[in-house]
Amino acid sequence: MSYSTRCAACKSLRRRCPQDCILAPYFPSNDPQRFASVQKIFGASNTTKILQQLPVHQRAEAADCMSFEAASRIQDPVYGCVGIISQLHQQILTTQHELAMTQAQLAFHYAQQETQQERRIMTQSQVQYDGPSSWFDPNQKEPFYLDQPLPDFHQPPGFL
Amino acid sequence: MGGSYPCGSCKLLRRRCAKDCIFAPYFPSDDPHKFAIVHKVFGSSNVSKMLQELPIHQRADAVSSLVYEANARVRDPVYGCVGAISHLQNQVSQLQMQLAVAQAEILCIQMHQDPTLPTHQIDSDNKSLLLLHNNHNNLPQHLNFTSPSNVIQDPLKRESLWT
C-alpha cells in the first residue's frame, strides 16, 4: 500500500492504511483536522468500535455526527453540543411565548371586530387560544433521548 | 493505600483512588453507570485530559454534559446528540414560520386600520413581506442528512442559529 494513499486516520496514527481500512471512507487525507478532532475527543479506537458496530450504510452519517460533536466539544470544552441543545430549548420557549402573545393580539382584535360589526356579546371566540402547547403538533414524535432531561448546570450555557 | 473508598472511575478501572483523583468529585462510587458510559464513549484518558484542561469550577458542568452526550450516543449510535439538535432546529423553524404568519396578519390588520400607510407596498400575500425581514429564512441548515456524503457545514456558526 502506497503511503501517499493513506487516509487521515492512518496518517495520524502512523500506520499502514489497508484496503479495508474502516476509517478511510470517512476520514479522507485531504481533511486531517476532521480526524484530529474526533481522535482528540473520542479516541481512535472508540471511533473505530462505534463505526464497526454499525451497518455500513449508516457509518457515513455516524462519522459526520461524531465529527460535529467533536468540533463542538473543542470549541466549547465545557458544554460541547449540549450547549447548542440547551440554547435551542431556550429559543423554542422564547419563540413560543412571542407566538402566544401575537396570537392573543389577533384573538383580541377579531373579538373586538365582531363586537363592533354585530353589536352583540361574543359567546365563542373564533380564534381559539390554547396557550403555547397547542402550537406544536402533538403527534410529532420526538427522538426518544429527548426524554432525557438536560443536566442542571451550575452555570447555564451562554451564547458564544 | 488509605482507607478511602475508590470513586466510581477507579472502581471500574480497578486502580487505587488517589487523594487528588481528578474523577473522584464527579464520579461517585454509588453511581457506577455514570463513569461507565463516559468511559465507553470517550475513554477515561480523554475525559481526564478534558477535565485537566478546565478550571475546577467548570468541571462539574463539563462532566454533566459529557454524560448527557455519552448517553445520547449509546441510545442512538448513528446520530447521538446531533439528532436532537436537528429535531430542535426544525421545531424552531416551524415556530418562526408560524410567528411570521401571525405577524403578517397583524401587519395586515394595522395597514387596514390606518389608511395613511402607503398601500402600494402591500402585497396580496403579506406573508412574503415579513418573511423577507424575518431571520428564519437565514436559519443555517447545518445538518442535512439527505445526502450521506454531505458533511455538516460549518458546525460552529452558532451565532446565526438565533437572533
# chains A, B, ... in the order shown; residues from 1 in each chain; ligands from 1
>>> residues_around(residues="Ser48 of chain B", least_positions_apart="5", cutoff="12 Å", atoms="only C-alpha atoms", output="compact mmCIF listing (two decimals) with all heavy atoms, in the first residue's frame")
# COMPACT_ATOMS: atom_id res chain seq x y z
N LYS A 40 -9.18 13.38 19.20
CA LYS A 40 -8.95 14.07 20.46
C LYS A 40 -10.10 13.82 21.45
O LYS A 40 -9.87 13.67 22.64
CB LYS A 40 -8.81 15.58 20.19
CG LYS A 40 -8.60 16.38 21.45
CD LYS A 40 -8.38 17.85 21.17
CE LYS A 40 -8.36 18.58 22.51
NZ LYS A 40 -7.52 19.69 22.60
N ILE A 41 -11.32 13.82 20.94
CA ILE A 41 -12.47 13.72 21.84
C ILE A 41 -12.88 12.27 22.09
O ILE A 41 -13.11 11.87 23.23
CB ILE A 41 -13.66 14.52 21.28
CG1 ILE A 41 -13.28 15.99 21.08
CG2 ILE A 41 -14.88 14.39 22.17
CD1 ILE A 41 -12.78 16.70 22.34
N SER B 9 -14.90 5.84 39.05
CA SER B 9 -14.00 5.59 37.92
C SER B 9 -12.86 4.64 38.32
O SER B 9 -12.53 3.71 37.59
CB SER B 9 -13.43 6.89 37.39
OG SER B 9 -12.99 7.69 38.46
N CYS B 21 -7.46 12.35 43.02
CA CYS B 21 -8.03 11.75 41.81
C CYS B 21 -8.93 12.77 41.12
O CYS B 21 -9.85 13.32 41.72
CB CYS B 21 -8.83 10.50 42.18
SG CYS B 21 -9.77 9.79 40.80
N ILE B 22 -8.68 13.00 39.84
CA ILE B 22 -9.41 14.05 39.11
C ILE B 22 -10.88 13.66 38.91
O ILE B 22 -11.75 14.51 38.76
CB ILE B 22 -8.72 14.37 37.77
CG1 ILE B 22 -9.26 15.68 37.21
CG2 ILE B 22 -8.88 13.23 36.76
CD1 ILE B 22 -8.46 16.25 36.07
N PHE B 23 -11.15 12.36 38.90
CA PHE B 23 -12.52 11.90 38.64
C PHE B 23 -13.38 11.88 39.90
O PHE B 23 -14.61 11.99 39.82
CB PHE B 23 -12.50 10.48 38.06
CG PHE B 23 -11.84 10.35 36.72
CD1 PHE B 23 -10.76 9.48 36.55
CD2 PHE B 23 -12.29 11.07 35.64
CE1 PHE B 23 -10.16 9.35 35.31
CE2 PHE B 23 -11.69 10.94 34.40
CZ PHE B 23 -10.61 10.07 34.23
N ALA B 24 -12.73 11.71 41.04
CA ALA B 24 -13.48 11.41 42.27
C ALA B 24 -14.61 12.39 42.59
O ALA B 24 -15.70 11.96 42.97
CB ALA B 24 -12.51 11.28 43.46
N TYR B 26 -16.58 13.88 40.73
CA TYR B 26 -17.67 13.90 39.75
C TYR B 26 -18.25 12.52 39.46
O TYR B 26 -19.32 12.40 38.85
CB TYR B 26 -17.19 14.54 38.44
CG TYR B 26 -16.35 15.76 38.68
CD1 TYR B 26 -14.98 15.75 38.45
CD2 TYR B 26 -16.92 16.92 39.22
CE1 TYR B 26 -14.20 16.86 38.72
CE2 TYR B 26 -16.14 18.03 39.49
CZ TYR B 26 -14.78 18.00 39.24
OH TYR B 26 -14.01 19.09 39.52
N PHE B 27 -17.54 11.50 39.88
CA PHE B 27 -17.99 10.13 39.61
C PHE B 27 -18.01 9.35 40.91
O PHE B 27 -17.08 8.62 41.22
CB PHE B 27 -17.09 9.45 38.57
CG PHE B 27 -17.10 10.12 37.22
CD1 PHE B 27 -16.08 10.97 36.85
CD2 PHE B 27 -18.15 9.90 36.34
CE1 PHE B 27 -16.08 11.60 35.60
CE2 PHE B 27 -18.17 10.53 35.09
CZ PHE B 27 -17.14 11.38 34.73
N PHE B 35 -19.78 6.78 35.18
CA PHE B 35 -18.45 6.74 34.59
C PHE B 35 -18.38 5.71 33.47
O PHE B 35 -17.69 5.90 32.47
CB PHE B 35 -17.37 6.44 35.64
CG PHE B 35 -15.99 6.45 35.05
CD1 PHE B 35 -15.37 7.66 34.75
CD2 PHE B 35 -15.31 5.27 34.77
CE1 PHE B 35 -14.10 7.69 34.18
CE2 PHE B 35 -14.04 5.28 34.21
CZ PHE B 35 -13.43 6.49 33.91
N VAL B 38 -19.43 7.18 30.13
CA VAL B 38 -18.49 8.18 29.64
C VAL B 38 -17.20 7.49 29.16
O VAL B 38 -16.62 7.85 28.14
CB VAL B 38 -18.21 9.21 30.76
CG1 VAL B 38 -16.96 9.98 30.49
CG2 VAL B 38 -19.37 10.16 30.89
N HIS B 39 -16.79 6.48 29.91
CA HIS B 39 -15.59 5.72 29.54
C HIS B 39 -15.82 4.99 28.23
O HIS B 39 -14.93 4.92 27.37
CB HIS B 39 -15.27 4.74 30.67
CG HIS B 39 -14.11 3.83 30.39
ND1 HIS B 39 -12.86 4.28 30.02
CD2 HIS B 39 -14.03 2.48 30.42
CE1 HIS B 39 -12.05 3.26 29.83
NE2 HIS B 39 -12.74 2.15 30.07
N PHE B 42 -16.07 8.03 25.36
CA PHE B 42 -14.94 8.95 25.21
C PHE B 42 -13.60 8.34 25.61
O PHE B 42 -12.54 8.77 25.13
CB PHE B 42 -15.17 10.22 26.03
CG PHE B 42 -16.38 11.01 25.60
CD1 PHE B 42 -17.54 10.99 26.35
CD2 PHE B 42 -16.35 11.77 24.44
CE1 PHE B 42 -18.66 11.72 25.95
CE2 PHE B 42 -17.46 12.49 24.04
CZ PHE B 42 -18.61 12.46 24.80
N GLY B 43 -13.64 7.38 26.53
CA GLY B 43 -12.38 6.83 27.04
C GLY B 43 -11.91 7.62 28.25
O GLY B 43 -11.99 8.85 28.28
N GLU B 53 -7.83 20.22 31.47
CA GLU B 53 -7.68 21.48 30.73
C GLU B 53 -8.68 22.54 31.17
O GLU B 53 -8.66 23.66 30.68
CB GLU B 53 -7.83 21.22 29.22
CG GLU B 53 -6.62 20.52 28.62
CD GLU B 53 -6.88 19.99 27.21
OE1 GLU B 53 -7.95 20.32 26.63
OE2 GLU B 53 -6.03 19.25 26.69
N LEU B 54 -9.58 22.16 32.08
CA LEU B 54 -10.61 23.11 32.51
C LEU B 54 -10.34 23.60 33.93
O LEU B 54 -9.82 22.86 34.76
CB LEU B 54 -11.99 22.43 32.51
CG LEU B 54 -12.61 22.14 31.14
CD1 LEU B 54 -13.85 21.29 31.30
CD2 LEU B 54 -12.95 23.44 30.41
N ARG B 59 -15.62 22.05 35.88
CA ARG B 59 -15.51 20.61 35.60
C ARG B 59 -16.82 19.87 35.84
O ARG B 59 -17.15 18.93 35.12
CB ARG B 59 -14.39 20.00 36.45
CG ARG B 59 -13.01 20.45 35.99
CD ARG B 59 -11.91 19.88 36.85
NE ARG B 59 -10.61 20.45 36.47
CZ ARG B 59 -9.48 20.23 37.11
NH1 ARG B 59 -9.46 19.42 38.17
NH2 ARG B 59 -8.36 20.80 36.70
N ALA B 62 -18.94 20.29 32.86
CA ALA B 62 -18.35 19.53 31.74
C ALA B 62 -18.70 18.05 31.87
O ALA B 62 -19.08 17.40 30.89
CB ALA B 62 -16.84 19.72 31.71
N VAL B 63 -18.60 17.52 33.09
CA VAL B 63 -18.94 16.11 33.30
C VAL B 63 -20.41 15.87 32.99
O VAL B 63 -20.77 14.89 32.32
CB VAL B 63 -18.58 15.67 34.74
CG1 VAL B 63 -19.23 14.34 35.09
CG2 VAL B 63 -17.08 15.59 34.93
N LEU B 66 -20.86 15.79 29.31
CA LEU B 66 -20.25 14.58 28.73
C LEU B 66 -21.14 13.36 28.98
O LEU B 66 -21.31 12.51 28.09
CB LEU B 66 -18.85 14.34 29.33
CG LEU B 66 -17.74 15.26 28.80
CD1 LEU B 66 -16.50 15.14 29.68
CD2 LEU B 66 -17.39 14.95 27.36
>>> residues_around(residues="segment 90-102 of chain A", least_positions_apart="4", cutoff="7 Å", atoms="only C-alpha atoms", output="NGL selection string")
(:A and (86 or 106 or 131-132)) or (:B and (92 or 95-96 or 99 or 102-103))
>>> write_last_selection(atoms="N, CA and C atoms", output="JSON list (two decimals), in the first residue's frame")
[["chain", "number", "residue", "atom", "x", "y", "z"],
["A", 86, "SER", "N", -29.25, 23.11, 24.70],
["A", 86, "SER", "CA", -29.80, 23.96, 25.74],
["A", 86, "SER", "C", -30.28, 25.29, 25.17],
["A", 106, "LEU", "N", -54.10, 38.91, 18.05],
["A", 106, "LEU", "CA", -55.02, 38.64, 16.95],
["A", 106, "LEU", "C", -56.40, 38.27, 17.47],
["A", 131, "GLY", "N", -52.91, 28.43, 24.35],
["A", 131, "GLY", "CA", -51.62, 28.55, 25.01],
["A", 131, "GLY", "C", -50.52, 27.91, 24.19],
["A", 132, "PRO", "N", -49.32, 28.07, 24.59],
["A", 132, "PRO", "CA", -48.18, 27.66, 23.78],
["A", 132, "PRO", "C", -48.19, 26.18, 23.42],
["B", 92, "VAL", "N", -37.76, 24.97, 15.93],
["B", 92, "VAL", "CA", -37.56, 26.42, 15.92],
["B", 92, "VAL", "C", -38.03, 26.99, 14.58],
["B", 95, "LEU", "N", -41.82, 27.06, 14.41],
["B", 95, "LEU", "CA", -42.38, 28.11, 15.27],
["B", 95, "LEU", "C", -42.16, 29.49, 14.65],
["B", 96, "GLN", "N", -41.00, 29.69, 14.08],
["B", 96, "GLN", "CA", -40.72, 31.00, 13.49],
["B", 96, "GLN", "C", -41.59, 31.25, 12.26],
["B", 99, "LEU", "N", -44.89, 32.20, 13.61],
["B", 99, "LEU", "CA", -44.80, 33.56, 14.13],
["B", 99, "LEU", "C", -44.84, 34.57, 12.99],
["B", 102, "ALA", "N", -48.38, 34.92, 11.77],
["B", 102, "ALA", "CA", -49.20, 35.69, 12.71],
["B", 102, "ALA", "C", -48.83, 37.17, 12.65],
["B", 103, "GLN", "N", -47.56, 37.46, 12.55],
["B", 103, "GLN", "CA", -47.13, 38.85, 12.48],
["B", 103, "GLN", "C", -47.59, 39.50, 11.18]]
